[in-house]
Amino acid sequence: MIKIDIVDRPLEFFPNDDSRLQDGAELIFNGRVRATEHGDSITALEYEQYEGMAENELFQLAEETCKKFPIHDLFCKHRVGRVNVGETSLHVAIWSKHRQEGIDAMSWFIVELKKRVPIWKWAIMEDGSRIPSECSHG
Amino acid sequence: MIKINIKCFSQVKYALDTDELRLELKNGTTSVELEKMIREKSKGKLDGISMRIAVNQKYIPNDIKLHDGDEVAFIPPVQGG
């Protein structure tokens, strides 16, 4: 099963699910906002999305991940709008029978997300100015 | 003539100082020709910035002819996560 959500409020994490009797691995990844961008102090990042396309690309990517790796479920939440330093911007959960396929799937999913899902970051500097982040991992 | 709606994000928004542009173009204008116009409009601010092109919210692998009512976005390197 796939669940994708892009929201403009603090993320609520997916709850534990003890009914998963066939999944030996549950992987959780939380991406958080660092206090610096290229050595400069920031107070927050503001995430901008291409509404509609971002969610479609994220869903397609999740489908591809589930086909490429033997995992059971992939849930993902991405936050947009202002995200303060220390807060979570990305929450991904993957369940699989064994750990290695889950770890591989998580790594590939995040690498691809950073290449193709149309979401961008604006750095909010300490003086309140707002500039496009130069941080890119494509 | 065809009417095209251009969505601007991140560095493109910053360079053009707008989040949306509506342009009337000659029939037969292609996506790459429009990219050239946008780069000229930015007066050098988009130099060195690679951009993928999305038409109607889908990445296009090759240059295509644009049609009346198309929504086009020039996608600078993405930064989700």
# chains A, B, ... in the order shown; residues from 1 in each chain; ligands from 1
call {"tool": "residues_around", "arguments": {"residues": "B:Gln79", "least_positions_apart": "2", "cutoff": "10 Å", "atoms": "only C-alpha atoms", "output": "ChimeraX atom specification"}}
result
/A:47-49,113-122,133-138 /B:10,76-77,81
call {"tool": "write_last_selection", "arguments": {"atoms": "N, CA and C atoms", "output": "PDB file, in the first residue's frame"}}
result
ATOM      1  N   TYR A  47       9.352  25.663   2.292  1.00  0.00           N
ATOM      2  CA  TYR A  47       9.257  24.717   1.181  1.00  0.00           C
ATOM      3  C   TYR A  47       8.146  25.152   0.237  1.00  0.00           C
ATOM      4  N   GLU A  48       8.517  25.188  -1.038  1.00  0.00           N
ATOM      5  CA  GLU A  48       7.561  25.574  -2.085  1.00  0.00           C
ATOM      6  C   GLU A  48       7.328  24.352  -2.966  1.00  0.00           C
ATOM      7  N   GLN A  49       6.111  24.069  -3.324  1.00  0.00           N
ATOM      8  CA  GLN A  49       5.829  22.932  -4.201  1.00  0.00           C
ATOM      9  C   GLN A  49       5.139  23.395  -5.476  1.00  0.00           C
ATOM     10  N   LEU A 113      13.682  11.194  -4.824  1.00  0.00           N
ATOM     11  CA  LEU A 113      12.820  12.327  -4.425  1.00  0.00           C
ATOM     12  C   LEU A 113      13.568  13.646  -4.624  1.00  0.00           C
ATOM     13  N   LYS A 114      14.850  13.622  -4.261  1.00  0.00           N
ATOM     14  CA  LYS A 114      15.654  14.848  -4.353  1.00  0.00           C
ATOM     15  C   LYS A 114      16.076  15.163  -5.780  1.00  0.00           C
ATOM     16  N   LYS A 115      15.770  14.263  -6.716  1.00  0.00           N
ATOM     17  CA  LYS A 115      16.088  14.519  -8.119  1.00  0.00           C
ATOM     18  C   LYS A 115      14.883  14.982  -8.917  1.00  0.00           C
ATOM     19  N   ARG A 116      13.688  14.528  -8.521  1.00  0.00           N
ATOM     20  CA  ARG A 116      12.578  14.732  -9.455  1.00  0.00           C
ATOM     21  C   ARG A 116      11.273  15.322  -8.901  1.00  0.00           C
ATOM     22  N   VAL A 117      11.083  15.318  -7.601  1.00  0.00           N
ATOM     23  CA  VAL A 117       9.813  15.843  -7.074  1.00  0.00           C
ATOM     24  C   VAL A 117       9.910  17.375  -6.986  1.00  0.00           C
ATOM     25  N   PRO A 118       9.019  18.093  -7.687  1.00  0.00           N
ATOM     26  CA  PRO A 118       9.159  19.554  -7.758  1.00  0.00           C
ATOM     27  C   PRO A 118       8.775  20.274  -6.454  1.00  0.00           C
ATOM     28  N   ILE A 119       9.752  20.218  -5.548  1.00  0.00           N
ATOM     29  CA  ILE A 119       9.659  20.928  -4.266  1.00  0.00           C
ATOM     30  C   ILE A 119      10.988  21.658  -4.093  1.00  0.00           C
ATOM     31  N   TRP A 120      10.910  22.891  -3.622  1.00  0.00           N
ATOM     32  CA  TRP A 120      12.133  23.702  -3.459  1.00  0.00           C
ATOM     33  C   TRP A 120      12.152  24.321  -2.071  1.00  0.00           C
ATOM     34  N   LYS A 121      13.372  24.756  -1.690  1.00  0.00           N
ATOM     35  CA  LYS A 121      13.546  25.365  -0.369  1.00  0.00           C
ATOM     36  C   LYS A 121      13.964  26.820  -0.525  1.00  0.00           C
ATOM     37  N   TRP A 122      13.387  27.660   0.292  1.00  0.00           N
ATOM     38  CA  TRP A 122      13.839  29.046   0.428  1.00  0.00           C
ATOM     39  C   TRP A 122      14.407  29.152   1.838  1.00  0.00           C
ATOM     40  N   SER A 133      17.220  28.575  -1.681  1.00  0.00           N
ATOM     41  CA  SER A 133      18.319  27.771  -1.157  1.00  0.00           C
ATOM     42  C   SER A 133      19.191  27.314  -2.319  1.00  0.00           C
ATOM     43  N   GLU A 134      20.494  27.245  -2.070  1.00  0.00           N
ATOM     44  CA  GLU A 134      21.405  26.748  -3.108  1.00  0.00           C
ATOM     45  C   GLU A 134      21.678  25.274  -2.916  1.00  0.00           C
ATOM     46  N   CYS A 135      21.062  24.704  -1.888  1.00  0.00           N
ATOM     47  CA  CYS A 135      21.322  23.315  -1.558  1.00  0.00           C
ATOM     48  C   CYS A 135      20.574  22.400  -2.522  1.00  0.00           C
ATOM     49  N   SER A 136      21.309  21.612  -3.292  1.00  0.00           N
ATOM     50  CA  SER A 136      20.675  20.702  -4.238  1.00  0.00           C
ATOM     51  C   SER A 136      21.477  19.411  -4.292  1.00  0.00           C
ATOM     52  N   HIS A 137      20.766  18.296  -4.392  1.00  0.00           N
ATOM     53  CA  HIS A 137      21.458  16.995  -4.403  1.00  0.00           C
ATOM     54  C   HIS A 137      21.125  16.213  -5.655  1.00  0.00           C
ATOM     55  N   GLY A 138      20.652  16.919  -6.692  1.00  0.00           N
ATOM     56  CA  GLY A 138      20.182  16.231  -7.889  1.00  0.00           C
ATOM     57  C   GLY A 138      21.253  15.474  -8.634  1.00  0.00           C
TER      58      GLY A 138
ATOM     59  N   SER B  10      11.020  28.841  -7.326  1.00  0.00           N
ATOM     60  CA  SER B  10      12.395  28.930  -6.828  1.00  0.00           C
ATOM     61  C   SER B  10      13.220  29.968  -7.586  1.00  0.00           C
ATOM     62  N   PRO B  76      13.857  24.382 -12.054  1.00  0.00           N
ATOM     63  CA  PRO B  76      15.270  24.389 -11.634  1.00  0.00           C
ATOM     64  C   PRO B  76      15.531  23.176 -10.731  1.00  0.00           C
ATOM     65  N   PRO B  77      16.802  22.871 -10.429  1.00  0.00           N
ATOM     66  CA  PRO B  77      17.085  21.695  -9.589  1.00  0.00           C
ATOM     67  C   PRO B  77      16.193  21.651  -8.351  1.00  0.00           C
ATOM     68  N   GLY B  81      12.821  17.151   0.614  1.00  0.00           N
ATOM     69  CA  GLY B  81      13.429  16.342   1.663  1.00  0.00           C
ATOM     70  C   GLY B  81      13.734  17.131   2.907  1.00  0.00           C
TER      71      GLY B  81
END
call {"tool": "closest_atom_pairs", "arguments": {"of": "chain B", "to": "chain A", "cutoff": "12 Å", "atoms": "only C-alpha atoms", "output": "JSON lines"}}
result
{"residue": "B:Ile6", "atom": "CA", "partner": "A:Tyr50", "partner_atom": "CA", "distance": 11.9}
{"residue": "B:Lys7", "atom": "CA", "partner": "A:Tyr50", "partner_atom": "CA", "distance": 8.4}
{"residue": "B:Cys8", "atom": "CA", "partner": "A:Tyr50", "partner_atom": "CA", "distance": 9.0}
{"residue": "B:Phe9", "atom": "CA", "partner": "A:Tyr50", "partner_atom": "CA", "distance": 7.6}
{"residue": "B:Ser10", "atom": "CA", "partner": "A:Pro132", "partner_atom": "CA", "distance": 5.8}
{"residue": "B:Gln11", "atom": "CA", "partner": "A:Pro132", "partner_atom": "CA", "distance": 6.1}
{"residue": "B:Val12", "atom": "CA", "partner": "A:Pro132", "partner_atom": "CA", "distance": 9.6}
{"residue": "B:Lys13", "atom": "CA", "partner": "A:Pro132", "partner_atom": "CA", "distance": 9.2}
{"residue": "B:Tyr14", "atom": "CA", "partner": "A:Pro132", "partner_atom": "CA", "distance": 7.4}
{"residue": "B:Ala15", "atom": "CA", "partner": "A:Pro132", "partner_atom": "CA", "distance": 10.2}
{"residue": "B:Asp19", "atom": "CA", "partner": "A:Tyr50", "partner_atom": "CA", "distance": 10.9}
{"residue": "B:Glu20", "atom": "CA", "partner": "A:Tyr50", "partner_atom": "CA", "distance": 11.9}
{"residue": "B:Ile49", "atom": "CA", "partner": "A:Glu134", "partner_atom": "CA", "distance": 10.8}
{"residue": "B:Ser50", "atom": "CA", "partner": "A:Gly138", "partner_atom": "CA", "distance": 10.8}
{"residue": "B:Met51", "atom": "CA", "partner": "A:Pro118", "partner_atom": "CA", "distance": 11.5}
{"residue": "B:Arg52", "atom": "CA", "partner": "A:Arg116", "partner_atom": "CA", "distance": 9.6}
{"residue": "B:Ile53", "atom": "CA", "partner": "A:Pro118", "partner_atom": "CA", "distance": 11.2}
{"residue": "B:Ala54", "atom": "CA", "partner": "A:Met53", "partner_atom": "CA", "distance": 9.2}
{"residue": "B:Val55", "atom": "CA", "partner": "A:Met53", "partner_atom": "CA", "distance": 10.4}
{"residue": "B:Asn56", "atom": "CA", "partner": "A:Met53", "partner_atom": "CA", "distance": 8.8}
{"residue": "B:Gln57", "atom": "CA", "partner": "A:Met53", "partner_atom": "CA", "distance": 5.2}
{"residue": "B:Lys58", "atom": "CA", "partner": "A:Met53", "partner_atom": "CA", "distance": 7.2}
{"residue": "B:Tyr59", "atom": "CA", "partner": "A:Arg116", "partner_atom": "CA", "distance": 9.2}
{"residue": "B:Glu71", "atom": "CA", "partner": "A:Met53", "partner_atom": "CA", "distance": 11.6}
{"residue": "B:Val72", "atom": "CA", "partner": "A:Tyr50", "partner_atom": "CA", "distance": 11.3}
{"residue": "B:Ala73", "atom": "CA", "partner": "A:Tyr50", "partner_atom": "CA", "distance": 8.9}
{"residue": "B:Phe74", "atom": "CA", "partner": "A:Pro118", "partner_atom": "CA", "distance": 10.4}
{"residue": "B:Ile75", "atom": "CA", "partner": "A:Pro118", "partner_atom": "CA", "distance": 7.3}
{"residue": "B:Pro76", "atom": "CA", "partner": "A:Pro118", "partner_atom": "CA", "distance": 8.7}
{"residue": "B:Pro77", "atom": "CA", "partner": "A:Gly138", "partner_atom": "CA", "distance": 6.5}
{"residue": "B:Val78", "atom": "CA", "partner": "A:Trp120", "partner_atom": "CA", "distance": 5.5}
{"residue": "B:Gln79", "atom": "CA", "partner": "A:Trp120", "partner_atom": "CA", "distance": 4.7}
{"residue": "B:Gly80", "atom": "CA", "partner": "A:Ile119", "partner_atom": "CA", "distance": 4.9}
{"residue": "B:Gly81", "atom": "CA", "partner": "A:Leu90", "partner_atom": "CA", "distance": 5.5}
call {"tool": "residues_around", "arguments": {"residues": "B:His67", "least_positions_apart": "2", "cutoff": "8 Å", "atoms": "only C-alpha atoms", "output": "list of chain:residue names"}}
result
B:Ile2, B:Lys3, B:Ile4, B:Asn27, B:Gly28, B:Lys65, B:Gly69, B:Asp70
call {"tool": "residues_around", "arguments": {"residues": "A:Thr65", "least_positions_apart": "3", "cutoff": "9 Å", "atoms": "only C-alpha atoms", "output": "list of chain:residue names"}}
result
A:Gln60, A:Leu61, A:Ala62, A:Lys68, A:Phe69, A:Pro70, A:Ile71, A:Leu74, A:Ala105, A:Met106, A:Trp108, A:Phe109
call {"tool": "atom_distance", "arguments": {"atom1": "atom CA of A:Ser129", "atom2": "atom CA of A:Asp40"}}
result
12.4 Å
call {"tool": "atom_distance", "arguments": {"atom1": "atom CA of A:Ile124", "atom2": "atom CA of A:Ile4"}}
result
26.6 Å
call {"tool": "residues_around", "arguments": {"residues": "stretch 10-27 of chain A", "least_positions_apart": "4", "cutoff": "6 Å", "atoms": "only C-alpha atoms", "output": "VMD selection string"}}
result
chain A and resid 93 to 99
call {"tool": "write_last_selection", "arguments": {"atoms": "N, CA and C atoms", "output": "PDB file, in the first residue's frame"}}
result
ATOM      1  N   ALA A  93       7.981   6.064   5.983  1.00  0.00           N
ATOM      2  CA  ALA A  93       7.948   4.770   6.666  1.00  0.00           C
ATOM      3  C   ALA A  93       7.862   3.675   5.605  1.00  0.00           C
ATOM      4  N   ILE A  94       8.697   2.658   5.772  1.00  0.00           N
ATOM      5  CA  ILE A  94       8.700   1.512   4.848  1.00  0.00           C
ATOM      6  C   ILE A  94       8.672   0.237   5.678  1.00  0.00           C
ATOM      7  N   TRP A  95       7.849  -0.710   5.252  1.00  0.00           N
ATOM      8  CA  TRP A  95       7.784  -2.008   5.912  1.00  0.00           C
ATOM      9  C   TRP A  95       8.195  -3.090   4.909  1.00  0.00           C
ATOM     10  N   SER A  96       9.036  -4.006   5.368  1.00  0.00           N
ATOM     11  CA  SER A  96       9.471  -5.099   4.492  1.00  0.00           C
ATOM     12  C   SER A  96       9.703  -6.352   5.327  1.00  0.00           C
ATOM     13  N   LYS A  97       9.807  -7.483   4.619  1.00  0.00           N
ATOM     14  CA  LYS A  97       9.998  -8.757   5.323  1.00  0.00           C
ATOM     15  C   LYS A  97      11.367  -8.773   6.023  1.00  0.00           C
ATOM     16  N   HIS A  98      12.419  -8.362   5.265  1.00  0.00           N
ATOM     17  CA  HIS A  98      13.780  -8.328   5.812  1.00  0.00           C
ATOM     18  C   HIS A  98      14.316  -6.901   5.770  1.00  0.00           C
ATOM     19  N   ARG A  99      15.347  -6.640   6.586  1.00  0.00           N
ATOM     20  CA  ARG A  99      15.791  -5.249   6.723  1.00  0.00           C
ATOM     21  C   ARG A  99      16.467  -4.690   5.468  1.00  0.00           C
TER      22      ARG A  99
END
call {"tool": "select_by_dssp", "arguments": {"residues": "chain B", "states": "strand (DSSP E or B)", "output": "number ranges by chain"}}
result
B: 2-7, 20-25, 30, 52-55, 58-59, 65, 71-75
call {"tool": "atom_distance", "arguments": {"atom1": "atom CA of A:Ser107", "atom2": "atom CA of A:Ile28"}}
result
11.3 Å
call {"tool": "select_by_dssp", "arguments": {"residues": "chain A", "states": "alpha helix (DSSP H)", "output": "PyMOL selection string"}}
result
chain A and resi 53-68+99-116
call {"tool": "residues_around", "arguments": {"residues": "B:Lys26", "least_positions_apart": "3", "cutoff": "10 Å", "atoms": "only C-alpha atoms", "output": "VMD selection string"}}
result
chain B and resid 1 to 3 23 29 to 30 66
call {"tool": "write_last_selection", "arguments": {"atoms": "C-alpha atoms", "output": "mmCIF file, in the first residue's frame"}}
result
data_model
loop_
_atom_site.group_PDB
_atom_site.id
_atom_site.type_symbol
_atom_site.label_atom_id
_atom_site.label_comp_id
_atom_site.auth_asym_id
_atom_site.auth_seq_id
_atom_site.Cartn_x
_atom_site.Cartn_y
_atom_site.Cartn_z
ATOM 1 C CA MET B 1 -1.403 32.917 -31.712
ATOM 2 C CA ILE B 2 -1.480 30.654 -28.659
ATOM 3 C CA LYS B 3 -1.847 31.586 -24.997
ATOM 4 C CA LEU B 23 2.312 34.981 -22.805
ATOM 5 C CA THR B 29 6.420 27.848 -30.764
ATOM 6 C CA THR B 30 8.299 25.030 -29.055
ATOM 7 C CA LEU B 66 3.257 24.070 -27.472
#
